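Chemist: Structure below; questions to follow.
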Amino acid sequence: MNEKSKEEALNSGTASRSGRITTINGPVVNATGMSHFAMRELVRVGDLGLTGEILRMDGDLSVIQVYEDTTGIQAGEPVEGLGRPLSICLGPGLIGHIIDGIGRPLDRLMEKEGEFLARGTSLDSIDMDRSWEVTPVCKVGDVVSEGMVVAVIKETDLIENRVVVPRGVQGEVEFVVAPGFYMTSEPVARVRESDGNVTRLMMFHYWPVRTARPYKERLLPNEPLITGQRVIDGLFPISKGGVAAIPGGFGTGKTVTQHQLAKWSDAKVVVYIGCGERGNEMTQVLEEFPSLEDPYSKKPLMQRTILIANTSNMPVAAREASIYTGITIAEYYRDMGYDVAMMADSTSRWAEALRELSGRLGEIPAEEGFPAYLATRLAEFYERAGKVRTFGDKTASISVIGAVSPPGGDFTEPVTRHTKRFIRCFWALDASLAHARHFPAISWMDSYSEYADEVKDWYHQNVDPTWFALRDEVRGILAEDDVVQQTVRLMGEDVLPDSQRLTALTASLLKNGYLQQNSFSGDSFCPPSKGLTIMKMILDFHNQAKKLVANGCPLTLIRRMKELVELTHARELAADDKAGFESLAKRIRERLEKIGSERLAQEEEGI
């Protein structure tokens with residue numbers, strides 16, 4: 001079947017096939033007369049034409065999950081099939097816009113319908129009547145194969161949308177457009193295959209969201225996703241193509257951390273999913289992002305961002321579909337050769353939607369009421385991340401970062417526990433740090449990253465060859481300080497020897513001067529080179545002070561150093577202020593040398 005036939009099949013539907021509603025249970029509808037329908041087929045439910053998806057078939061009966069509010073529909077109303085699974089229209093025009101969990105463009109719908117979205121309203125995620133500047137990169141007579149780029153479209157100043165030859169298509173180009181402006185619905189090229197079949201290459205196509213898009217080869221994720229957050233880039237890095245979780249109780253900063261990662265990560269495309277979160281949090285994203293500047297290109301951040309909104313007051317069934325919509329869009333841009341970062345906030349709310357739907361379907365519940373297939377669904381979702389070689393022989397990646405909201409901050413609950421099985425980077429948020437106003441509130445004791453060994457070579461070549469050793473040294477000091485603090489809480493600091501008190505002092509400098517980061521200041525984004533400079537300065541102080549203490553110098557003399565206050569605030573220096581960092585490091589070194597000299601002189605006078 002050529003591309004034209006495929007599109008006609010997708011859009012024509014099969015209205016002659018229809019069933020009738022028998023019972024309604026919230027978003028779950030039972031219907032009869034459905035023997036000619038298919039599992040997972042998209043349907044229109046009731047006189048309003050609500051969007052739904054068939055979940056279960058039993059002879060003539062079916063169970064349908066409806067993605068809109070079912071209030072007011074009645075038994076006996078029709079159910080009509082569309083002949084395809086839940087799919088999203090992929091093409092130029094997704095970047096910079098906001099869509100809902102099933103792919104409807106909310107900004108365009110508001111222009112069409114007003115502030116209140118009518119039920120049964122349907123609109124493709126991209127505008128078919130919009131014109132784009134198309135530049136062909138092939139000519140008539142060229143032989144092309146799957147994954148090759150035939151034309152490029154300037155979607156934004158930052159993103160070039162690439163029309164690629166679909167999977168399984170290979171042949172000679174018999175038509176390609178001339179450079180110019182064309183509507184989304186117009187063909188870009190035609191390819192004649194060896195069997196004589198002609199395939200039209202369009203700017204857009206549909207893809208079922210629950211089906212992973214194929215790739216040529218999976219690669220080792222050995223390049224870090226730079227986030228601009230020191231605690232992540234310096235201690236718990238994530239690879240491009242990696243998967244991470246941010247679990248934490250209410251108020252620990254999950255959403256703010258997700259916002260920071262969406263703003264400042266060096267992924268070329270960012271897909272942000274507000275999955276079941278409060279509407280005001282999504283509103284904050286919509287208000288903030290258009291005014292923010294991308295730190296890498298200095299262009300508006302929205303020129304590389306796609307927002308998917310399915311807040312807690314929106315239909316629960318669409319929440320369950322939203323993460324599949326998001327990952328499908330991410331795969332679309334990955335297949336063009338881009339590095340994509342996807343933020344899911346939060347997977348707990350998605351799992352709660354899964355639980356509610358499972359309960360209405362009458363399925364036997366497992367732990368805490370969640371369905372028995374919760375772990376399977378989580379695995380299927382996270383498995384779609386990764387660094388790959390596309391069919392066009394480009395290296396690209398999808399990095400997935402999911403927030404988890406365990407009730408009461410209990411990391412042993414099912415969603416958090418199962419998530420830990422499928423991710424390799426765990427950024428545990430600590431309520432005590434959040435209450436102490438230490439942000440990001442990522443616990444340096446409970447967090448871990450299995451990507452550190454894989455990105456080590458990249459850091460050695462591009463940042464500093466000492467990064468891995470310094471990271472281990474910092475983690476060792478913080479772990480030792482954790483033991484010291486237990487003694488302090490029990491017996492007080494006076495019982496500690498100076499060596500342990502120095503450890504506590506250095507740990508305090510690391511916590512306040514390195515790990516802490518203000519998201520509302522110039523320190524919101526910190527390049528790895530700047531973070532490593534601060535880390536080195538603190539460790540150099542520690543090692544030099546450690547020698548003094550070992551030689552009998554009282555720690556009280558070292559604590560009086562006014563340079564320690566400057567060291568705590570070194571994070572406020574500009575990243576390119578090398579003179580400022582060098583000056584501070586020199587003054588700290590000289591002050592410690594002076595303390596050591598004065599102490600030695602006092603000992604000699606005493607002798």
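By convention in this document, the chains of the structure tokens carry letters A, B, ... by their order, each chain's residues are numbered from 1, and ligands are numbered from 1 in the order they are shown.
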Extract, using only C-alpha atoms, all DNA, RNA and protein residues at most 8 Å from region 432-435 of chain A, discarding same-chain residues fewer than 5 positions from it, and format them as number ranges by chain.
Modeler: A: 251-253, 440-443
Chemist: Name the residues in contact with Ala385 (chain A) at a cut-off of 6 Å, using only C-alpha atoms, excluding same-chain residues fewer than 6 positions from it; report them as a list in words.
Modeler: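 The neighbour list is Gly241, Ile398 and Ser399 of chain A.
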Chemist: Using only C-alpha atoms, which residue out of A:Gly476, A:Pro528, A:Pro290, A:Pro221 lies closest to Arg389 (chain A)?
Modeler: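 Counting only C-alpha atoms, the residue closest to Arg389 (chain A) is A:Pro221.
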Chemist: Might you pull out every residue within 12 Å of Arg587 (chain A), with only C-alpha atoms counted and same-chain residues fewer than 4 positions away left off, and present them as JSON, numbers by chain?
Modeler: {"A": [537, 541, 561, 562, 563, 564, 566, 567, 580, 581, 582, 583, 591, 592, 593, 594]}
Chemist: Would you output that residue set with C-alpha atoms, as a short mmCIF file (atom, residue, chain, number, x, y, z; two decimals), in the first residue's frame?
Modeler:
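This is the output file selection_16.cif:
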data_model
loop_
_atom_site.label_atom_id
_atom_site.label_comp_id
_atom_site.auth_asym_id
_atom_site.auth_seq_id
_atom_site.Cartn_x
_atom_site.Cartn_y
_atom_site.Cartn_z
CA MET A 537 38.74 24.64 45.08
CA PHE A 541 41.19 23.62 50.69
CA MET A 561 39.37 32.44 57.40
CA LYS A 562 37.22 35.10 55.75
CA GLU A 563 37.94 33.43 52.40
CA LEU A 564 35.66 30.55 53.41
CA GLU A 566 33.84 33.77 49.57
CA LEU A 567 34.33 30.09 48.77
CA GLY A 580 37.94 35.60 39.76
CA PHE A 581 38.23 31.86 40.45
CA GLU A 582 42.03 31.90 40.20
CA SER A 583 42.27 34.88 42.52
CA ARG A 591 46.00 32.15 53.76
CA LEU A 592 46.46 28.48 54.68
CA GLU A 593 50.21 28.73 54.09
CA LYS A 594 50.32 31.79 56.34
#
Chemist: Please identify which residues in region 117-325 of chain A DSSP calls strand (DSSP E or B) from the backbone, and express them as a ChimeraX atom specification.
Modeler: /A:131-136,143-144,149-154,160-164,171-176,180-183,187-193,198-202,205-208,217-219,224,239,243-247,269-275,293,300,305-310
Chemist: With only C-alpha atoms as the counted atoms, please give the residues lying no more than 9 Å from Leu106 (chain A), apart from itself and same-chain residues fewer than 6 positions off, as a PyMOL selection string.
Modeler: chain A and resi 97-100+117+125+309
Chemist: Mind checking which residues fall within 8 Å of region 72-77 of chain A, counting only C-alpha atoms, ignoring those fewer than 4 positions away in the same chain, and posting them as a ChimeraX atom specification?
Modeler: /A:20-24,45-48
Chemist: May I have the residues from that selection written out with C-alpha atoms, as a JSON list (two decimals), in the first residue's frame?
Modeler:
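Below is the file that was written, out-v3.json:
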[["chain", "number", "residue", "atom", "x", "y", "z"],
["A", 20, "ARG", "CA", -24.48, 0.46, 20.37],
["A", 21, "ILE", "CA", -23.69, 1.53, 23.92],
["A", 22, "THR", "CA", -25.06, -0.82, 26.58],
["A", 23, "THR", "CA", -23.61, 0.45, 29.89],
["A", 24, "ILE", "CA", -21.51, 3.39, 31.06],
["A", 45, "VAL", "CA", -18.63, 7.10, 21.15],
["A", 46, "GLY", "CA", -22.17, 8.42, 21.41],
["A", 47, "ASP", "CA", -23.97, 11.18, 19.56],
["A", 48, "LEU", "CA", -21.24, 13.61, 20.63]]
